[in-house]
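Report on the structure given below.
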Amino acid sequence: MTRALVTSSLIAMMSTSALAGDITVYTSYEEDEAAAFLDLAREALPDVNINMLRLSTGDLAARIIAEKGNPQHDVVWGFAASTIVNPQIKDTLEPYKPAGVEAIPAAFRAKDGTWFAVTGYMAAFCVNNERLEKLGLEMPTSWADLTDPAFKGEVVMPNPASSGTGYIQVSSLLQMKGAEQGWAFLDDLDKNIAQYIKSGSKPCHAASAGEYTVGASYDMRAIKNIKEGFPISMVIPAEGSGNELEANALVASSKNKEDARRFLDWTVTDEAATAYLKWKAIVTIPGGTMPQHFLDAGLPADTNSVLHPTDFEAAANDRDAILAEWQGRYE
Amino acid sequence: MSEVALLLQKQVSKGSWVNDKKVALIVSGVVLAMMVAFLIVPILSILSRSFAVSDGFGLENYINTLGTSRIWELGLNSVVMASLAASIAVSLAYAYAYALQRTDLPFKGILRIVIMVPLFAPSLVQAQGLIFLLGRNGVFNRFLGFDIDIYGFWGVTLANSLYTFPYAFLILSAALAVSDARLYESAVVMGAKPFRIFRTVTLPSTRYGIFAAIFVAFSLSITDFGNAVVIGGNFNVLATEIYNKVIGQGQFGLGAVVGVMLLMPAVISKLLEKQISKRQHAQVTDQSTPLQIRPNRLRNLVFGSYAWTIAAIFLSVPLIVFVASIVKLWPYNMAFSLKHYAFDVQNGTAPLWNSVGVAFATAFLGVVVVASAAIVSAKFKTVLSGPISFLSILPASIPGMVLGLGYVLAFNNPSNPFNMLYGTFPLIVLLYIYYNHAQGFLISSTSLKQISSTFDEASTMLGGSTLRTLFKVTLPLIWPTLLGVGVFFFMRAMVSLSAVIFLITPQTQVAAVSVLQLSDRGAANQAAAFSVCIMLIVIAMLLVVRLVLWLAGAKNVTLIR
């Protein structure tokens, strides 16, 4: 019903917009998610030729920074908020508030209006059941459990210096415990870490492949790998899960801002939100229910109950200092 | 460029105003101009960022980076790992190339192709294959009861030895391909034992090849971050530090400092090259006769078992990738399934065909570019020869990520005269050519250095111009090597990833990126299946080229020398 409404209103809009054309969208949504969302967006905006480039967060950030002098894209879509606030990227953006953006709680929008986040992800462990059983270990439920000497050499986590997921894990632990206790805890954890892997998804893949017992990663990676059939369980750390937002923004240099804005408007529609719910554990647009297999994998219906209330601004500001300290201690 | 050369040649043969020296200078100038546009400008665009500080320009980035003990530890890690990987790769490859060039083993064709496998599968898949084999839950540990932990120093060293082996082989094989039988005959007449002949005749005659192979294997190992990221574990090197700074934190300036440090091997080897080249004497002179390989059962047995053992090791990685692509869920459900070949990645198999086109263009243009560079630096003695030979080997010291971002900075700039190439396939082709320039150049030069200058002198005395000598004498002698260089460029263009991800656009997608997308989203088996398709296409193309050559009457030519 909503979808029909949205579509018909968009068709109405179409007739008024004479200048339609090409837009280029840069995204870091995972390839399958991005493809699913894009199909819907193309259906909703049939007169706009949407070109999409998908790269992982770090690669895309480097690309955007390198192209800064002459940006080739009109829209940034589903891109880590902790990275979009990097001044080298933020400077390329222009504030835009799509119609209906008020539905998104203010915590998930930039104060100056340069970006807004419709989705996000949170830290989660992937635990290999086969390996856990073989080694006679108990299912961990928290970060604290991972400091048990029994897990020595069996835990992998992302390297915060190269992975945004790794950074939110470390910064959320520091935020919730305070600097002194936080670093002391990370010291304990370090004794059990077999590897700091340089990407956020690889620790979960390593646990799924049975290379290690526990891979600290993020929610959707675990859920998707369970669906693929890997013998793993997802654990949301009991202390509260650090989380990251995936932000959308308008590029200031866009030569087709009208269509770029229409695309951004679409990203906050109910229709889009329905699609996000199929793929994402954190959807900032209220309402809707999550698919059964998310719940089966171990997510609570209300994800707010397990999220650590992240101070995104502090996380961004402290990044260089935290990474320097982290590398000094553990590398 | 070849057209320019042909045109010049015509004018020369007509006895027009252009004299020999001018021709040499003009051709050298064109080669150098291309290098400036597609190598120097991009490299400077990014490396100059190392001097950019908050308030203009300065050495702050260098002082901060070099002032930490961390960077020196990483430097030491890099040098130790790359030296060991290069020594392993070059010694094993020398013996392998010897087996193929100096014995009469059967099935040499198969042995040649098998060893090229690391060149025609994306490196991330090979690292994955190694983990399937030797990982903590790999075949050896899970099914055969071993207890191997591959992650760390030894894993990276092993992976880089495998990865650089074919490069070393191509160079050494070109070095061993040419020989003068008279030297060997006289050695035998003088009563020298085989090992003494090897030490006093064979080894010195391949000096330049060995040097070039060590340089390439060392440089590629020290700049590679793919293997270090996947199986390095907590073993960090300079290349992963660039990855942290540039990809992890968006700090180009600090990454560029490390990038500048990685140029050191190229500078050092350039300083050494003169010494080595001086002592390298030509193998083919106007009086030499080709070496006849005599049957020798013991020798064939020894080299045969060696070559097939190495071949088996090289086959095991693609084989495991192939198996992973046809089972339901490696390593838990080994039931046969073709479901991973129903690609649901964006654009489906279209990027495969894009890559084939790009690879052919890279092969043709790449041969022209590197052969011109090799010829002008070795045969045309002009003031430009020195700079050209240094720039020719420089790309081996540039990590793909750094060159790729340099291309973005240089060609996305509207004031660059080649700005219109940005976002097109031709720029991707040029990136592939200059990214792999050092390897192609060294293979060609190794061949060229073994042709005596007496040919040039004779030809000149008979009134032939430099270009005439080139087309009538030099090219006919080295064309089998150039064919191999073309095949090499074709393979690299099918699979190179680290540089090209910064140049692809929604309209210009290539196959290796599809493998990365699949691997990123956790579809390891589908990524394996996609890689198998890439490998099959490369093999099919090799067969087609072979057939064309056969039909054209060149029956005894091998694609990989």
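Here, A, B, ... name the chains of the structure tokens in the order displayed, residue numbers run from 1 inside each chain, and ligands are numbered from 1 in the same displayed order.
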For chain A versus chain B, which residues have an atom no more than 7 Å away, and what is each residue's nearest atom pair and distance in Å rounded to one decimal, using only C-alpha atoms, chain-then-number order, as CSV?
residue,atom,partner,partner_atom,distance
A:Glu30,CA,B:Arg521,CA,6.0
A:Glu31,CA,B:Gln517,CA,6.3
A:Ala35,CA,B:Gln346,CA,6.5
A:Asn51,CA,B:Pro506,CA,5.8
A:Met52,CA,B:Pro506,CA,5.6
A:Leu53,CA,B:Pro506,CA,5.2
A:Gly58,CA,B:Ile247,CA,4.5
A:Asp59,CA,B:Ile247,CA,5.7
A:Ala61,CA,B:Gly250,CA,6.6
A:Ala62,CA,B:Gly250,CA,5.8
A:Arg63,CA,B:Phe502,CA,6.0
A:Ala66,CA,B:Leu409,CA,5.6
A:Glu67,CA,B:Val408,CA,6.4
A:Gly69,CA,B:Asn413,CA,6.9
A:Asn70,CA,B:Asn412,CA,6.5
A:Ala161,CA,B:Asn244,CA,5.6
A:Ser162,CA,B:Gly248,CA,3.6
A:Ser163,CA,B:Gly248,CA,5.8
A:Gln195,CA,B:Gly233,CA,5.2
A:Tyr196,CA,B:Asn234,CA,6.3
A:Ile197,CA,B:Gly233,CA,6.6
A:Lys198,CA,B:Val229,CA,6.2
A:His205,CA,B:Gly522,CA,6.8
A:Gly210,CA,B:Asn137,CA,5.5
A:Glu211,CA,B:Arg136,CA,5.0
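Neighbouring residues of A:Asp22 at 7 Å or closer, counting only C-alpha atoms and skipping chain neighbours under 6 positions away, are Val48, Asn49 and Ile50 of chain A.
Between A:Ala324 and the residues A:Ile223, A:Ala260, A:Pro160, A:Ser217, the shortest atom-to-atom distance, using only C-alpha atoms, involves A:Pro160.
For stretch 228-310 of chain A, the set of residues given strand (DSSP E) by DSSP on the backbone reads Ile232, Ser233, Met234, Val235, Asn243, Glu244, Leu245, Glu246, Ala247, Asn248, Ala249, Leu250, Val251, Ile282 and Val283 of chain A.
Among B:Ser219, B:Ser445, B:Thr103, B:Gln526, the residue with the shortest atom-to-atom distance to B:Ile398, counting only C-alpha atoms, is B:Ser219.
The residue set within 8 Å of B:Tyr434, counting only C-alpha atoms and dropping same-chain residues fewer than 5 places from it, reads Phe38, Leu39 and Pro395 of chain B.
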Take the residues from that selection and put them in a file with N, CA and C atoms, as a CSV table (one decimal), in the first residue's frame.
chain,number,residue,atom,x,y,z
B,38,PHE,N,52.8,8.9,-17.9
B,38,PHE,CA,52.1,7.8,-17.3
B,38,PHE,C,52.8,7.1,-16.1
B,39,LEU,N,53.9,7.7,-15.7
B,39,LEU,CA,54.6,7.1,-14.6
B,39,LEU,C,55.1,8.2,-13.6
B,395,PRO,N,58.8,0.9,-11.4
B,395,PRO,CA,57.4,0.5,-11.0
B,395,PRO,C,57.4,-0.7,-10.1
Exercise for review: Select from stretch 63-294 of chain A everything DSSP, run on the backbone, classes as alpha helix (DSSP H), then give the selection as a PyMOL selection string.
Suggested key: chain A and resi 63-66+81-84+87-90+129-134+164-177+179-192+202-208+219-228+257-267+270-279+292-294
Could you give me, as a compact mmCIF listing (two decimals) with C-alpha atoms, in the first residue's frame, the residues within 7 Å of B:Pro351, counting only C-alpha atoms and dropping anything in the same chain fewer than 2 positions from it?
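The result, stored in around28.txt:
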# COMPACT_ATOMS: atom_id res chain seq x y z
CA ASN B 347 27.07 -7.15 -13.61
CA THR B 349 30.00 -12.19 -16.05
CA TRP B 353 34.68 -10.03 -21.09
CA ASN B 354 35.73 -6.46 -20.31
CA SER B 355 38.90 -7.93 -18.84
CA GLN B 509 34.22 -3.05 -14.25
CA VAL B 510 36.88 -5.75 -14.49
CA ALA B 511 36.95 -9.41 -13.48
Exercise for review: Please identify all polymer residues within 8 Å of stretch 361-376 of chain B, counting only C-alpha atoms, omitting same-chain residues fewer than 2 positions from it, and present them as a PyMOL selection string.
Suggested key: chain B and resi 1-2+24+27-28+31+357-359+378-381+385+388-389+392+429-430+432-433+437+440-442+444-445+448+482-483+485-490+493
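Residues lying within 12 Å of A:Ala238, counting only C-alpha atoms and ignoring same-chain neighbours fewer than 3 positions away, are Ala123, Ala124, Phe125, Pro140, Thr141, Ser142, Trp143, Ala144, Asp145, Leu146, Leu173, Val235, Ser241, Gly242, Ser305, Val306, Leu307 and His308 of chain A.
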Atoms kept (N, CA, C and O atoms) for selection, written as a PDB file, in the first residue's frame:
ATOM      1  N   ALA A 123      28.856  -4.282  16.704  1.00  0.00           N
ATOM      2  CA  ALA A 123      29.851  -5.318  16.954  1.00  0.00           C
ATOM      3  C   ALA A 123      29.171  -6.625  17.354  1.00  0.00           C
ATOM      4  O   ALA A 123      28.186  -6.628  18.096  1.00  0.00           O
ATOM      5  N   ALA A 124      29.669  -7.732  16.857  1.00  0.00           N
ATOM      6  CA  ALA A 124      29.137  -9.046  17.213  1.00  0.00           C
ATOM      7  C   ALA A 124      30.259 -10.069  17.066  1.00  0.00           C
ATOM      8  O   ALA A 124      31.160  -9.879  16.270  1.00  0.00           O
ATOM      9  N   PHE A 125      30.190 -11.139  17.849  1.00  0.00           N
ATOM     10  CA  PHE A 125      31.183 -12.206  17.727  1.00  0.00           C
ATOM     11  C   PHE A 125      30.632 -13.312  16.836  1.00  0.00           C
ATOM     12  O   PHE A 125      29.451 -13.638  16.903  1.00  0.00           O
ATOM     13  N   PRO A 140      31.053 -18.005  24.791  1.00  0.00           N
ATOM     14  CA  PRO A 140      31.257 -16.698  25.443  1.00  0.00           C
ATOM     15  C   PRO A 140      30.023 -15.818  25.259  1.00  0.00           C
ATOM     16  O   PRO A 140      29.294 -15.973  24.269  1.00  0.00           O
ATOM     17  N   THR A 141      29.778 -14.922  26.201  1.00  0.00           N
ATOM     18  CA  THR A 141      28.630 -14.025  26.058  1.00  0.00           C
ATOM     19  C   THR A 141      29.054 -12.554  26.101  1.00  0.00           C
ATOM     20  O   THR A 141      28.244 -11.682  25.889  1.00  0.00           O
ATOM     21  N   SER A 142      30.307 -12.311  26.441  1.00  0.00           N
ATOM     22  CA  SER A 142      30.726 -10.918  26.611  1.00  0.00           C
ATOM     23  C   SER A 142      32.192 -10.763  26.227  1.00  0.00           C
ATOM     24  O   SER A 142      32.914 -11.756  26.089  1.00  0.00           O
ATOM     25  N   TRP A 143      32.610  -9.528  26.110  1.00  0.00           N
ATOM     26  CA  TRP A 143      34.024  -9.255  25.900  1.00  0.00           C
ATOM     27  C   TRP A 143      34.825  -9.835  27.062  1.00  0.00           C
ATOM     28  O   TRP A 143      35.904 -10.390  26.864  1.00  0.00           O
ATOM     29  N   ALA A 144      34.285  -9.688  28.290  1.00  0.00           N
ATOM     30  CA  ALA A 144      35.004 -10.171  29.474  1.00  0.00           C
ATOM     31  C   ALA A 144      35.295 -11.665  29.363  1.00  0.00           C
ATOM     32  O   ALA A 144      36.381 -12.129  29.733  1.00  0.00           O
ATOM     33  N   ASP A 145      34.317 -12.428  28.822  1.00  0.00           N
ATOM     34  CA  ASP A 145      34.538 -13.877  28.671  1.00  0.00           C
ATOM     35  C   ASP A 145      35.740 -14.176  27.779  1.00  0.00           C
ATOM     36  O   ASP A 145      36.415 -15.196  27.937  1.00  0.00           O
ATOM     37  N   LEU A 146      35.987 -13.288  26.815  1.00  0.00           N
ATOM     38  CA  LEU A 146      37.087 -13.548  25.878  1.00  0.00           C
ATOM     39  C   LEU A 146      38.461 -13.375  26.527  1.00  0.00           C
ATOM     40  O   LEU A 146      39.472 -13.743  25.935  1.00  0.00           O
ATOM     41  N   LEU A 173      34.657   0.116  23.858  1.00  0.00           N
ATOM     42  CA  LEU A 173      35.146  -0.435  25.135  1.00  0.00           C
ATOM     43  C   LEU A 173      35.782   0.671  25.977  1.00  0.00           C
ATOM     44  O   LEU A 173      35.596   0.735  27.200  1.00  0.00           O
ATOM     45  N   VAL A 235      27.131 -13.845  18.743  1.00  0.00           N
ATOM     46  CA  VAL A 235      27.016 -13.390  20.124  1.00  0.00           C
ATOM     47  C   VAL A 235      27.134 -11.871  20.129  1.00  0.00           C
ATOM     48  O   VAL A 235      28.091 -11.312  19.590  1.00  0.00           O
ATOM     49  N   SER A 241      26.954  -3.262  22.721  1.00  0.00           N
ATOM     50  CA  SER A 241      27.693  -3.424  21.482  1.00  0.00           C
ATOM     51  C   SER A 241      28.026  -2.075  20.866  1.00  0.00           C
ATOM     52  O   SER A 241      27.145  -1.228  20.689  1.00  0.00           O
ATOM     53  N   GLY A 242      29.296  -1.876  20.551  1.00  0.00           N
ATOM     54  CA  GLY A 242      29.698  -0.667  19.840  1.00  0.00           C
ATOM     55  C   GLY A 242      29.056  -0.680  18.470  1.00  0.00           C
ATOM     56  O   GLY A 242      28.845  -1.746  17.889  1.00  0.00           O
ATOM     57  N   SER A 305      18.187  -2.222  22.875  1.00  0.00           N
ATOM     58  CA  SER A 305      18.439  -2.781  24.205  1.00  0.00           C
ATOM     59  C   SER A 305      19.872  -3.300  24.341  1.00  0.00           C
ATOM     60  O   SER A 305      20.368  -3.450  25.450  1.00  0.00           O
ATOM     61  N   VAL A 306      20.538  -3.591  23.221  1.00  0.00           N
ATOM     62  CA  VAL A 306      21.891  -4.148  23.326  1.00  0.00           C
ATOM     63  C   VAL A 306      22.978  -3.190  22.847  1.00  0.00           C
ATOM     64  O   VAL A 306      24.165  -3.475  22.957  1.00  0.00           O
ATOM     65  N   LEU A 307      22.570  -2.049  22.316  1.00  0.00           N
ATOM     66  CA  LEU A 307      23.563  -1.119  21.790  1.00  0.00           C
ATOM     67  C   LEU A 307      24.195  -0.314  22.912  1.00  0.00           C
ATOM     68  O   LEU A 307      23.526   0.101  23.844  1.00  0.00           O
ATOM     69  N   HIS A 308      25.500  -0.106  22.774  1.00  0.00           N
ATOM     70  CA  HIS A 308      26.137   0.856  23.670  1.00  0.00           C
ATOM     71  C   HIS A 308      25.880   2.234  23.067  1.00  0.00           C
ATOM     72  O   HIS A 308      26.145   2.438  21.882  1.00  0.00           O
TER      73      HIS A 308
END
Practice item. For A:Gly182, work out the shell of residues within 9 Å, counting only C-alpha atoms and skipping chain neighbours fewer than 6 positions away, then give it as a PyMOL selection string. Key: chain A and resi 170+173-176
Output file for the residues above (N, CA and C atoms, as a PDB file, in the first residue's frame):
ATOM      1  N   VAL A 170      37.075  -1.085  19.694  1.00  0.00           N
ATOM      2  CA  VAL A 170      38.027  -0.563  20.682  1.00  0.00           C
ATOM      3  C   VAL A 170      37.480   0.713  21.331  1.00  0.00           C
ATOM      4  N   LEU A 173      34.657   0.116  23.858  1.00  0.00           N
ATOM      5  CA  LEU A 173      35.146  -0.435  25.135  1.00  0.00           C
ATOM      6  C   LEU A 173      35.782   0.671  25.977  1.00  0.00           C
ATOM      7  N   LEU A 174      36.531   1.560  25.307  1.00  0.00           N
ATOM      8  CA  LEU A 174      37.161   2.673  26.041  1.00  0.00           C
ATOM      9  C   LEU A 174      36.112   3.647  26.551  1.00  0.00           C
ATOM     10  N   GLN A 175      35.073   3.875  25.719  1.00  0.00           N
ATOM     11  CA  GLN A 175      34.020   4.802  26.157  1.00  0.00           C
ATOM     12  C   GLN A 175      33.254   4.251  27.353  1.00  0.00           C
ATOM     13  N   MET A 176      32.948   2.952  27.331  1.00  0.00           N
ATOM     14  CA  MET A 176      32.117   2.440  28.430  1.00  0.00           C
ATOM     15  C   MET A 176      32.914   2.204  29.707  1.00  0.00           C
TER      16      MET A 176
END
